[in-house]
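Peer 1: So here's coords-v9.txt (compact mmCIF, C-alpha atoms and all ligand atoms).
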# COMPACT_ATOMS: atom_id res chain seq x y z
CA MET D 61 95.01 64.75 -90.38
CA SER D 62 92.62 61.88 -91.03
CA LEU D 63 89.76 61.97 -93.50
CA ARG D 64 87.39 62.07 -90.57
CA ASP D 65 89.12 65.07 -89.03
CA ASP D 66 88.89 66.97 -92.31
CA TYR D 67 85.24 66.00 -92.66
CA PHE D 68 84.54 67.77 -89.38
CA ARG D 69 86.88 70.62 -90.24
CA TYR D 70 85.65 71.50 -93.73
CA GLN D 71 82.15 70.16 -94.31
CA ILE D 72 79.11 72.10 -93.16
CA PRO D 73 77.33 69.86 -90.66
CA THR D 74 73.63 69.07 -91.01
CA GLY D 75 73.17 67.86 -87.47
CA PRO D 76 74.97 67.38 -84.17
CA GLU D 77 75.63 63.63 -84.52
CA PRO D 78 76.20 62.49 -88.09
CA MET D 79 76.35 58.74 -88.66
CA GLY D 80 79.89 59.14 -89.90
CA VAL D 81 80.25 55.92 -91.92
CA GLU D 82 83.31 56.14 -94.19
CA PRO D 83 82.35 54.21 -97.35
CA ALA D 84 85.15 52.65 -99.38
CA TYR D 85 83.10 50.41 -101.65
CA ALA D 86 79.44 49.54 -102.14
CA ARG D 87 77.64 46.85 -104.05
CA GLY D 88 74.12 45.41 -103.92
CA SER D 89 72.72 45.85 -100.41
CA TRP D 90 76.14 46.35 -98.82
CA ILE D 91 78.46 49.23 -98.01
CA TYR D 92 82.03 48.47 -96.90
CA ASP D 93 83.92 51.12 -94.97
CA ARG D 94 87.57 52.16 -95.08
CA HIS D 95 88.35 49.92 -92.14
CA GLY D 96 86.88 46.79 -93.74
CA LYS D 97 83.59 46.80 -91.82
CA ALA D 98 80.51 45.65 -93.77
CA TYR D 99 77.16 47.37 -93.39
CA LEU D 100 73.87 45.95 -94.60
CA ASP D 101 72.00 48.93 -96.02
CA LEU D 102 68.32 49.03 -95.05
CA VAL D 103 67.94 52.67 -96.07
CA ALA D 104 69.15 52.72 -99.70
CA GLY D 105 70.36 56.32 -99.58
CA VAL D 106 66.87 57.26 -98.31
CA SER D 107 64.84 55.38 -100.93
CA ALA D 108 67.16 56.41 -103.74
CA LEU D 109 68.67 53.05 -104.77
CA PRO D 110 65.93 50.75 -106.02
CA LEU D 111 68.45 48.39 -107.64
CA GLY D 112 70.94 48.61 -104.79
CA HIS D 113 74.45 49.98 -105.00
CA ARG D 114 76.20 49.93 -108.38
CA HIS D 115 73.94 47.60 -110.30
CA PRO D 116 75.98 46.22 -113.25
CA ALA D 117 73.45 47.42 -115.86
CA LEU D 118 73.65 50.96 -114.46
CA ILE D 119 77.46 50.91 -114.42
CA GLU D 120 77.33 49.91 -118.07
CA ALA D 121 74.81 52.66 -118.95
CA ALA D 122 76.95 55.30 -117.22
CA ARG D 123 80.17 54.04 -118.86
CA ARG D 124 78.64 54.02 -122.31
CA GLN D 125 77.48 57.62 -121.94
CA LEU D 126 80.74 58.76 -120.31
CA ASP D 127 82.49 57.63 -123.47
CA ARG D 128 80.10 59.50 -125.78
CA TYR D 129 79.37 62.98 -124.43
CA TRP D 130 78.62 64.69 -121.12
CA HIS D 131 77.07 68.13 -120.68
CA THR D 132 76.69 69.73 -124.11
CA MET D 133 73.95 72.35 -123.72
CA VAL D 134 71.28 73.56 -121.29
CA TYR D 135 68.23 71.32 -121.09
CA GLY D 136 65.83 71.41 -124.00
CA GLU D 137 67.92 73.03 -126.74
CA PHE D 138 69.61 69.95 -128.20
CA VAL D 139 68.16 66.54 -129.03
CA GLN D 140 70.16 64.39 -126.62
CA GLU D 141 69.56 60.69 -126.81
CA PRO D 142 69.61 59.88 -123.06
CA GLN D 143 67.00 62.60 -122.39
CA VAL D 144 64.75 61.36 -125.16
CA GLU D 145 65.19 57.77 -124.03
CA LEU D 146 64.33 58.61 -120.45
CA ALA D 147 61.24 60.58 -121.48
CA ARG D 148 60.20 57.69 -123.72
CA GLU D 149 60.69 55.12 -120.93
CA MET D 150 58.69 57.28 -118.55
CA ALA D 151 55.84 57.74 -121.03
CA ALA D 152 55.68 53.95 -121.32
CA VAL D 153 55.11 53.50 -117.57
CA LEU D 154 52.83 56.51 -116.96
CA PRO D 155 49.23 57.25 -117.96
CA ALA D 156 48.90 59.18 -121.26
CA ARG D 157 48.08 62.45 -119.49
CA LEU D 158 51.51 62.41 -117.82
CA SER D 159 53.49 61.64 -120.93
CA LYS D 160 55.48 64.90 -121.11
CA MET D 161 58.55 65.06 -118.91
CA TYR D 162 61.01 67.69 -117.73
CA PRO D 163 64.12 66.47 -115.85
CA VAL D 164 65.79 68.58 -113.18
CA ASN D 165 68.55 67.86 -110.67
CA SER D 166 66.75 67.10 -107.41
CA GLY D 167 63.37 66.44 -105.88
CA THR D 168 62.96 69.90 -104.46
CA GLU D 169 63.55 71.43 -107.87
CA ALA D 170 60.77 69.26 -109.25
CA THR D 171 58.48 70.61 -106.53
CA GLU D 172 59.43 74.18 -107.40
CA ALA D 173 58.81 73.60 -111.10
CA ALA D 174 55.46 71.90 -110.48
CA LEU D 175 54.21 74.77 -108.31
CA LYS D 176 55.33 77.35 -110.86
CA THR D 177 53.69 75.44 -113.69
CA ALA D 178 50.38 75.15 -111.81
CA LYS D 179 50.30 78.85 -110.96
CA LYS D 180 51.08 79.91 -114.48
CA PHE D 181 48.70 77.44 -116.13
CA THR D 182 45.72 78.34 -113.93
CA GLY D 183 46.58 82.00 -113.36
CA ARG D 184 45.58 81.46 -109.72
CA PRO D 185 47.48 82.51 -106.59
CA LYS D 186 46.73 79.88 -103.98
CA VAL D 187 48.27 76.50 -103.16
CA VAL D 188 46.82 73.93 -100.79
CA ALA D 189 49.27 71.61 -99.02
CA ALA D 190 49.03 69.09 -96.18
CA ARG D 191 50.10 69.34 -92.60
CA LEU D 192 53.24 67.27 -91.96
CA ALA D 193 54.05 67.32 -95.67
CA TYR D 194 57.62 67.25 -96.93
CA HIS D 195 58.40 68.31 -100.49
CA GLY D 196 62.02 69.45 -100.21
CA ASN D 197 64.11 72.18 -98.65
CA THR D 198 64.35 75.12 -101.05
CA GLN D 199 62.15 78.11 -100.33
CA GLY D 200 59.17 77.19 -102.53
CA SER D 201 59.19 73.65 -101.16
CA LEU D 202 59.58 74.95 -97.61
CA SER D 203 56.49 77.09 -98.21
CA VAL D 204 54.43 73.93 -98.70
CA MET D 205 56.14 72.08 -95.84
CA GLY D 206 53.59 71.20 -93.21
CA TYR D 207 55.86 71.50 -90.20
CA GLU D 208 55.99 74.95 -88.70
CA ALA D 209 59.04 74.58 -86.45
CA ARG D 210 61.29 73.63 -89.36
CA LYS D 211 60.25 76.50 -91.61
CA ARG D 212 59.79 79.35 -89.15
CA PRO D 213 63.50 80.30 -89.08
CA PHE D 214 63.35 80.95 -92.82
CA ALA D 215 60.35 83.27 -92.92
CA PRO D 216 59.10 85.03 -94.91
CA LEU D 217 58.37 82.25 -97.37
CA ILE D 218 56.01 82.26 -100.35
CA PRO D 219 52.56 83.51 -99.39
CA GLY D 220 49.24 82.02 -100.47
CA VAL D 221 49.63 78.51 -99.04
CA GLU D 222 46.79 76.98 -97.03
CA PHE D 223 47.24 73.78 -95.06
CA ILE D 224 44.76 70.96 -94.73
CA ARG D 225 44.92 67.82 -92.60
CA PHE D 226 45.87 64.71 -94.59
CA ASN D 227 43.03 62.17 -94.73
CA ARG D 228 40.40 64.64 -93.49
CA SER D 229 37.66 65.07 -96.09
CA GLU D 230 36.08 67.96 -94.21
CA ASP D 231 39.17 70.09 -94.96
CA LEU D 232 38.79 69.75 -98.71
CA GLU D 233 36.55 72.80 -98.80
CA HIS D 234 39.79 74.83 -98.66
CA ILE D 235 40.26 73.83 -102.30
CA ASP D 236 38.38 76.52 -104.21
CA ARG D 237 38.35 78.48 -107.47
CA ARG D 238 41.33 80.55 -106.35
CA THR D 239 43.42 77.38 -105.93
CA ALA D 240 46.11 76.76 -108.52
CA ALA D 241 47.14 73.41 -107.09
CA VAL D 242 46.82 70.94 -104.30
CA ILE D 243 50.14 69.28 -103.56
CA LEU D 244 50.27 66.02 -101.63
CA GLU D 245 52.64 63.14 -101.11
CA THR D 246 50.81 60.00 -102.20
CA ILE D 247 51.96 58.40 -98.94
CA GLN D 248 53.21 60.94 -96.41
CA GLY D 249 56.89 60.24 -95.71
CA GLY D 250 58.23 62.56 -93.02
CA ALA D 251 54.92 62.28 -91.15
CA GLY D 252 55.60 58.59 -90.48
CA PHE D 253 54.64 56.71 -93.66
CA VAL D 254 50.99 57.65 -93.43
CA GLU D 255 48.82 56.16 -96.17
CA PRO D 256 45.73 57.80 -97.64
CA GLU D 257 42.69 56.13 -96.10
CA ASN D 258 39.56 54.90 -97.87
CA ASP D 259 38.94 56.99 -100.94
CA TYR D 260 40.66 60.15 -99.67
CA LEU D 261 42.76 60.73 -102.80
CA GLN D 262 39.73 60.17 -105.01
CA GLN D 263 37.86 62.81 -103.03
CA VAL D 264 40.77 65.22 -103.49
CA ARG D 265 40.80 64.44 -107.21
CA LYS D 266 37.05 65.13 -107.42
CA ARG D 267 37.31 68.42 -105.56
CA CYS D 268 40.17 69.50 -107.87
CA ASP D 269 38.06 68.66 -110.91
CA GLU D 270 35.12 70.64 -109.54
CA THR D 271 37.19 73.74 -108.83
CA GLY D 272 39.73 73.61 -111.67
CA ALA D 273 42.67 73.23 -109.28
CA LEU D 274 45.51 70.99 -110.45
CA LEU D 275 46.45 67.94 -108.42
CA ILE D 276 50.20 67.57 -107.89
CA LEU D 277 51.27 64.23 -106.44
CA ASP D 278 54.76 64.01 -105.00
CA GLU D 279 56.09 60.50 -105.67
CA ILE D 280 59.71 61.39 -105.03
CA GLN D 281 59.80 58.72 -102.36
CA THR D 282 56.89 56.44 -103.27
CA GLY D 283 57.73 56.15 -106.97
CA PHE D 284 59.51 53.41 -108.90
CA ALA D 285 58.13 50.18 -107.46
CA ARG D 286 58.91 50.94 -103.83
CA THR D 287 55.31 50.53 -102.65
CA GLY D 288 54.59 47.48 -104.79
CA ARG D 289 53.41 49.36 -107.88
CA MET D 290 55.47 51.45 -110.26
CA PHE D 291 53.81 54.55 -108.74
CA GLY D 292 51.95 54.88 -105.46
CA PHE D 293 48.92 56.53 -107.06
CA GLU D 294 48.17 53.26 -108.88
CA HIS D 295 47.01 51.82 -105.53
CA TYR D 296 44.40 54.50 -105.05
CA GLY D 297 42.66 54.89 -108.42
CA VAL D 298 43.73 58.47 -109.14
CA VAL D 299 45.95 60.16 -111.70
CA PRO D 300 47.44 63.57 -110.88
CA ASP D 301 47.70 66.51 -113.29
CA ILE D 302 51.36 66.89 -112.41
CA LEU D 303 53.53 64.12 -111.01
CA ILE D 304 56.87 64.87 -109.37
CA THR D 305 59.58 62.24 -109.14
CA GLY D 306 63.20 62.02 -108.02
CA LYS D 307 65.33 59.81 -105.78
CA ALA D 308 64.96 56.25 -107.17
CA LEU D 309 64.56 57.52 -110.73
CA GLY D 310 68.28 58.28 -110.83
CA GLY D 311 69.34 54.81 -109.66
CA GLY D 312 71.83 56.57 -107.37
CA PHE D 313 72.50 59.69 -109.43
CA PRO D 314 71.03 63.14 -108.69
CA ILE D 315 67.75 63.76 -110.45
CA GLY D 316 64.22 65.07 -110.15
CA ALA D 317 61.51 65.42 -112.75
CA PHE D 318 58.00 66.56 -113.34
CA HIS D 319 55.53 64.88 -115.63
CA THR D 320 52.35 66.36 -117.02
CA SER D 321 50.11 66.66 -120.07
CA ASP D 322 51.02 68.35 -123.32
CA GLU D 323 48.45 71.08 -122.62
CA ILE D 324 49.83 71.96 -119.18
CA ALA D 325 53.46 71.61 -120.28
CA ARG D 326 52.99 74.20 -123.02
CA THR D 327 52.46 76.93 -120.45
CA LEU D 328 56.24 76.97 -119.86
CA THR D 329 57.05 78.01 -123.43
CA GLU D 330 55.48 81.46 -123.14
CA PRO D 331 57.25 83.64 -122.18
CA PRO D 332 60.06 81.51 -123.53
CA MET D 333 62.20 79.74 -120.94
CA SER D 334 59.69 80.00 -118.14
CA HIS D 335 61.55 77.18 -116.44
CA ILE D 336 65.15 76.45 -117.31
CA THR D 337 68.08 74.60 -115.82
CA THR D 338 71.67 74.16 -116.93
CA PHE D 339 72.29 70.61 -115.79
CA GLY D 340 68.74 69.19 -115.74
CA GLY D 341 68.71 66.21 -118.08
CA HIS D 342 72.43 65.60 -117.71
CA PRO D 343 73.25 62.91 -120.29
CA VAL D 344 75.08 60.55 -117.92
CA VAL D 345 72.44 60.90 -115.22
CA ASN D 346 69.61 60.44 -117.73
CA ALA D 347 71.29 57.40 -119.30
CA VAL D 348 71.43 55.77 -115.87
CA ALA D 349 67.85 56.86 -115.09
CA ALA D 350 66.53 55.43 -118.37
CA GLU D 351 68.28 52.14 -117.60
CA THR D 352 66.87 52.16 -114.07
CA VAL D 353 63.32 52.50 -115.40
CA ARG D 354 64.00 49.78 -117.99
CA GLN D 355 65.37 47.41 -115.33
CA LEU D 356 62.42 48.05 -113.02
CA GLN D 357 60.01 47.60 -115.87
CA LYS D 358 61.38 44.23 -116.95
CA SER D 359 61.82 42.89 -113.39
CA ASP D 360 59.16 41.79 -110.95
CA LEU D 361 60.65 43.90 -108.15
CA ALA D 362 57.35 45.71 -107.57
CA ARG D 363 55.46 42.48 -106.89
CA LYS D 364 58.39 41.19 -104.84
CA ALA D 365 58.34 44.36 -102.72
CA LEU D 366 54.90 43.26 -101.53
CA GLU D 367 56.15 39.72 -100.81
CA LYS D 368 59.09 41.15 -98.88
CA GLU D 369 56.71 43.42 -96.97
CA ARG D 370 54.66 40.38 -95.96
CA TYR D 371 57.82 38.57 -94.88
CA ILE D 372 58.99 41.53 -92.80
CA ARG D 373 55.58 41.86 -91.15
CA GLN D 374 55.60 38.14 -90.26
CA THR D 375 59.20 38.11 -89.08
CA PHE D 376 59.91 41.47 -87.46
CA LYS D 377 57.79 40.84 -84.37
CA HIS D 378 58.86 42.10 -80.97
CA PRO D 379 57.09 43.68 -77.99
CA LEU D 380 59.00 46.93 -78.64
CA ILE D 381 57.76 47.16 -82.24
CA GLU D 382 54.28 48.58 -81.71
CA GLU D 383 53.35 48.75 -85.36
CA ILE D 384 54.90 48.52 -88.82
CA ARG D 385 53.66 51.37 -90.99
CA GLY D 386 53.83 51.80 -94.74
CA ARG D 387 53.55 49.68 -97.85
CA GLY D 388 55.88 47.52 -99.93
CA LEU D 389 59.47 48.33 -98.99
CA MET D 390 58.61 51.77 -97.61
CA LEU D 391 58.20 50.64 -94.03
CA ALA D 392 58.67 52.17 -90.59
CA LEU D 393 59.09 50.28 -87.33
CA MET D 394 57.16 52.22 -84.72
CA MET D 395 58.96 52.14 -81.38
CA PRO D 396 57.38 53.08 -78.03
CA ASP D 397 59.31 56.36 -77.85
CA LYS D 398 62.07 58.48 -79.40
CA ARG D 399 64.72 57.22 -77.00
CA ARG D 400 64.23 53.63 -78.06
CA ALA D 401 64.03 54.54 -81.75
CA ASP D 402 67.33 56.46 -81.46
CA ARG D 403 68.94 53.62 -79.59
CA LEU D 404 67.94 51.08 -82.22
CA VAL D 405 69.36 53.18 -85.06
CA ARG D 406 72.64 53.86 -83.21
CA ARG D 407 73.18 50.31 -81.97
CA ALA D 408 72.32 48.83 -85.36
CA LEU D 409 74.97 51.03 -86.94
CA GLU D 410 77.55 49.71 -84.46
CA ARG D 411 76.49 46.18 -85.40
CA GLY D 412 76.72 46.88 -89.14
CA VAL D 413 73.09 47.49 -90.11
CA ILE D 414 72.09 50.87 -91.52
CA LEU D 415 68.73 52.18 -90.33
CA PHE D 416 67.53 55.79 -90.23
CA TRP D 417 64.89 58.14 -88.93
CA LEU D 418 61.86 59.87 -90.44
CA LEU D 419 61.78 63.66 -90.41
CA TYR D 420 58.87 64.49 -88.13
CA GLU D 421 57.96 61.22 -86.40
CA PRO D 422 60.57 60.57 -83.71
CA ARG D 423 59.25 57.08 -82.85
CA ALA D 424 59.73 55.78 -86.38
CA VAL D 425 62.70 53.76 -87.62
CA ARG D 426 63.01 53.69 -91.40
CA LEU D 427 63.22 50.45 -93.37
CA THR D 428 63.57 51.31 -97.05
CA PRO D 429 66.15 48.81 -98.33
CA PRO D 430 67.10 48.34 -101.97
CA LEU D 431 64.22 46.56 -103.71
CA THR D 432 66.75 43.90 -104.66
CA ILE D 433 67.41 42.90 -101.04
CA GLY D 434 67.30 39.12 -100.49
CA ARG D 435 65.47 37.00 -97.92
CA ARG D 436 68.77 35.97 -96.29
CA GLU D 437 69.78 39.61 -95.94
CA LEU D 438 66.46 40.39 -94.27
CA ASP D 439 67.02 37.46 -91.90
CA TYR D 440 70.53 38.72 -91.14
CA ALA D 441 69.15 42.20 -90.38
CA TRP D 442 66.37 40.86 -88.20
CA GLU D 443 68.76 38.76 -86.07
CA ILE D 444 70.73 41.89 -85.26
CA ILE D 445 67.68 44.11 -84.74
CA ARG D 446 66.04 41.50 -82.48
CA ASP D 447 69.24 41.13 -80.48
CA ILE D 448 69.37 44.90 -79.95
CA LEU D 449 65.71 45.09 -78.96
CA ASP D 450 66.33 42.29 -76.45
CA GLU D 451 69.17 44.19 -74.79
CA PRO D 452 68.36 45.85 -71.48
CA ALA D 453 67.84 49.53 -72.42
C1 LIG P 501 58.37 63.21 -100.64
C2 LIG P 501 59.61 63.99 -100.92
N1 LIG P 501 59.53 65.11 -101.64
C3 LIG P 501 60.63 65.84 -101.92
C4 LIG P 501 61.88 65.48 -101.47
C5 LIG P 501 63.08 66.33 -101.79
O1 LIG P 501 63.93 65.68 -102.67
P1 LIG P 501 65.47 66.15 -102.75
O2 LIG P 501 66.08 65.83 -101.43
O3 LIG P 501 66.03 65.36 -103.89
O4 LIG P 501 65.45 67.61 -103.03
C6 LIG P 501 62.00 64.33 -100.70
C7 LIG P 501 63.31 63.93 -100.14
O5 LIG P 501 63.42 63.31 -99.12
C8 LIG P 501 60.84 63.57 -100.41
O6 LIG P 501 60.91 62.46 -99.67
Write the structure described by the file as structure tokens, please.

Peer 2:
Amino acid sequence: MSLRDDYFRYQIPTGPEPMGVEPAYARGSWIYDRHGKAYLDLVAGVSALPLGHRHPALIEAARRQLDRYWHTMVYGEFVQEPQVELAREMAAVLPARLSKMYPVNSGTEATEAALKTAKKFTGRPKVVAARLAYHGNTQGSLSVMGYEARKRPFAPLIPGVEFIRFNRSEDLEHIDRRTAAVILETIQGGAGFVEPENDYLQQVRKRCDETGALLILDEIQTGFARTGRMFGFEHYGVVPDILITGKALGGGFPIGAFHTSDEIARTLTEPPMSHITTFGGHPVVNAVAAETVRQLQKSDLARKALEKERYIRQTFKHPLIEEIRGRGLMLALMMPDKRRADRLVRRALERGVILFWLLYEPRAVRLTPPLTIGRRELDYAWEIIRDILDEPA
């Protein structure tokens, strides 16, 4: 039996046609498979590898911690250096009102924790979320997912959620004095990399302030320099009450986190252990995460993400690319239809370039490479993508 056969035999499938790449080794922007084929990675584990695969500084951080201690106690009971270091690094890159941090194991857990915290802190029952939002796949996160067809099979979910249209000011009246929190992605991901227009986020912030609702911004995908700033909200002149992060924070290791003020954070201490996790704050993961933040902080990868965006917009021009959506290195090529988007992703894979889809927008092809990707790698990718787009379909 081959590895591939056992993959189909024993692993629970997530879809009918998995990409099926068999990685043997990865480094920088490249994945090499077990048969010696090289793939240029323009997806970065779905925005989770800001420094590319196996950055030497992250290998060193993991090794150092592997040699010291691993899991010693559930999160929050012991003073563990990697957790403190990560929280300190995060406080240095976030506004003062987000300087308290709680690490968990995934993005969806961060969503769950943020929603719980907001409900408990405000004592209110209602949550406002956006249509076409994606905040993760556990039941609380599914409750605030703005895509009915994907959540219906799992009903009943958590009640008390009202949906508004992203970028529509007239819907903000749904935020009222019964609202514990408004949860939004700073830039909507699954919807097709949809940016907030004009002063939309500032209007949301104002309405939250007027009603006492907390603003939760989900930066699980937009965070950590991907959009050209350390956090997406920096583009729009707002600061949330609770920030949720994940993906890139771990530099390739599993993590999620929420960040808030001292005042809001305290709500989780009474009753004691209002939110707990065994492996949240895992020392090896947190050591790598702290190093990831440090590396991003001392590099100019955020500014370069904007330069690379400009280069992609100038270079990736073809009649079949109707639009390039997004910001920094969170970009989507908008194809005329789903068939052509699917074809591009599949053919690119055959030719050794990894592209991917977005959850709800079938015309979109994802371009979220490592932030460290080089100009020559982008040229290499474009030659192949252009070739494929030129093929008779
Ligand atoms: C905006 C956003 N929120 C939440 C999540 C869920 O994160 P995880 O898959 O780590 O649970 C994702 C993952 O794609 C995301 O993009």

Peer 1: What does the structure give for the distance between atom O3 of ligand LIG 501 (chain P) and atom CA of D:Val348, in Å to one decimal?

Peer 2: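 Interatomic distance here is 16.3 Å.
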
Peer 1: Show me the residues around (81.4, 50.5, -97.8) - criterion: an atom at most 12 Å away, only C-alpha atoms counted - as a PyMOL selection string.

Peer 2: chain D and resi 80-101+113-114+412-414

Peer 1: Using all atoms listed in the file, determine which residues lie at most 12 Å from D:Pro78, disregarding the query and same-chain residues fewer than 5 positions distant; provide the list as a ChimeraX atom specification.

Peer 2: /D:64,67-68,71-73,405-406,409,416

Peer 1: Contacts of stretch 167-184 of chain D at 8 Å or less, counting only C-alpha atoms, minus same-chain residues fewer than 2 places along, as a VMD selection string?

Peer 2: chain D and resid 163 to 165 186 195 to 198 200 to 201 238 to 241 272 to 274 276 278 280 302 304 to 307 315 to 318 324 to 325 327 to 328 335

Peer 1: Please compute the atom CA of D:Ala104-atom CA of D:Thr428 distance, one decimal, in Å.

Peer 2: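 These atoms are spaced 6.3 Å apart.
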
Peer 1: Residues at most 9 Å from D:Thr287, counting all atoms listed in the file, excluding those fewer than 4 positions away in the same chain, as a ChimeraX atom specification?

Peer 2: /D:282-283,291-292,295,362,365-366,386-390

Peer 1: By how many Å are atom CA of D:Val221 and atom CA of D:Cys268 apart?

Peer 2: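 So the answer is 15.8 Å.
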
Peer 1: Place a sphere of radius 10 Å on (67.5, 55.6, -103.9) in the file coordinates and name every protein, DNA or RNA residue with an atom inside or on its surface, counting all atoms listed in the file; give the answer as an mmCIF file with C-alpha atoms, in the coordinates of the input.

Peer 2:
data_model
loop_
_atom_site.group_PDB
_atom_site.id
_atom_site.type_symbol
_atom_site.label_atom_id
_atom_site.label_comp_id
_atom_site.auth_asym_id
_atom_site.auth_seq_id
_atom_site.Cartn_x
_atom_site.Cartn_y
_atom_site.Cartn_z
ATOM 1 C CA VAL D 103 67.940 52.670 -96.070
ATOM 2 C CA ALA D 104 69.150 52.720 -99.700
ATOM 3 C CA GLY D 105 70.360 56.320 -99.580
ATOM 4 C CA VAL D 106 66.870 57.260 -98.310
ATOM 5 C CA SER D 107 64.840 55.380 -100.930
ATOM 6 C CA ALA D 108 67.160 56.410 -103.740
ATOM 7 C CA LEU D 109 68.670 53.050 -104.770
ATOM 8 C CA PRO D 110 65.930 50.750 -106.020
ATOM 9 C CA LEU D 111 68.450 48.390 -107.640
ATOM 10 C CA GLY D 112 70.940 48.610 -104.790
ATOM 11 C CA HIS D 113 74.450 49.980 -105.000
ATOM 12 C CA ILE D 280 59.710 61.390 -105.030
ATOM 13 C CA GLN D 281 59.800 58.720 -102.360
ATOM 14 C CA PHE D 284 59.510 53.410 -108.900
ATOM 15 C CA ARG D 286 58.910 50.940 -103.830
ATOM 16 C CA GLY D 306 63.200 62.020 -108.020
ATOM 17 C CA LYS D 307 65.330 59.810 -105.780
ATOM 18 C CA ALA D 308 64.960 56.250 -107.170
ATOM 19 C CA LEU D 309 64.560 57.520 -110.730
ATOM 20 C CA GLY D 310 68.280 58.280 -110.830
ATOM 21 C CA GLY D 311 69.340 54.810 -109.660
ATOM 22 C CA GLY D 312 71.830 56.570 -107.370
ATOM 23 C CA PHE D 313 72.500 59.690 -109.430
ATOM 24 C CA PRO D 314 71.030 63.140 -108.690
ATOM 25 C CA THR D 428 63.570 51.310 -97.050
ATOM 26 C CA PRO D 429 66.150 48.810 -98.330
ATOM 27 C CA PRO D 430 67.100 48.340 -101.970
ATOM 28 C CA LEU D 431 64.220 46.560 -103.710
#

Peer 1: So which one's closest to ligand LIG 501 (chain P), D:Thr132, D:Gln199, D:Ser166, D:Ser321? Using all atoms listed in the file, please.

Peer 2: D:Ser166

Peer 1: From the set D:Pro343, D:Arg363, D:Leu303, D:Glu351, which residue has the shortest atom-to-atom contact distance to D:Arg289, counting all atoms listed in the file?

Peer 2: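 Smallest separation from D:Arg289 among the options: D:Arg363.
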
Peer 1: Considering only C-alpha atoms and all ligand atoms, can you say which of D:Gly206, D:Pro332, D:Gly136, D:Pro116 comes closest to ligand LIG 501 (chain P)?

Peer 2: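 Going through D:Gly206, D:Pro332, D:Gly136, D:Pro116 one by one, the smallest distance to ligand LIG 501 (chain P) is for D:Gly206.
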
Peer 1: Ranking D:Ser159, D:Glu149, D:Ile336, D:Arg210 by minimum distance to D:Val353 and counting all atoms listed in the file, which one comes first?

Peer 2: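 Checking each of D:Ser159, D:Glu149, D:Ile336, D:Arg210 against D:Val353, counting all atoms listed in the file, the winner is D:Glu149.
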
Peer 1: Which one is closest to D:Val134: D:His319, D:Lys211, D:Arg148, D:His342? Count all atoms listed in the file.

Peer 2: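 Checking each of D:His319, D:Lys211, D:Arg148, D:His342 against D:Val134, counting all atoms listed in the file, the winner is D:His342.
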
Peer 1: Mind checking which residues fall within 9 Å of D:Tyr371, counting all atoms listed in the file, ignoring those fewer than 5 positions away in the same chain, and posting them as JSON, numbers by chain?

Peer 2: {"D": [366, 376, 435, 438]}

Peer 1: Using all atoms listed in the file, which residue out of D:Phe293, D:Phe339, D:Trp417, D:Tyr194 lies closest to ligand LIG 501 (chain P)?

Peer 2: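 Ranking D:Phe293, D:Phe339, D:Trp417, D:Tyr194 by distance to ligand LIG 501 (chain P), first place goes to D:Tyr194.
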
Peer 1: Show me, as a VMD selection string, the residues that have an atom within 7 Å of D:Ile247 when counting all atoms listed in the file, minus same-chain residues fewer than 4 positions from it.

Peer 2: chain D and resid 253 to 256 282

Peer 1: Restricted to C-alpha atoms, what would the selected residues look like written as a JSON list (two decimals), in the frame of the given file?

Peer 2:
[["chain", "number", "residue", "atom", "x", "y", "z"],
["D", 253, "PHE", "CA", 54.64, 56.71, -93.66],
["D", 254, "VAL", "CA", 50.99, 57.65, -93.43],
["D", 255, "GLU", "CA", 48.82, 56.16, -96.17],
["D", 256, "PRO", "CA", 45.73, 57.80, -97.64],
["D", 282, "THR", "CA", 56.89, 56.44, -103.27]]
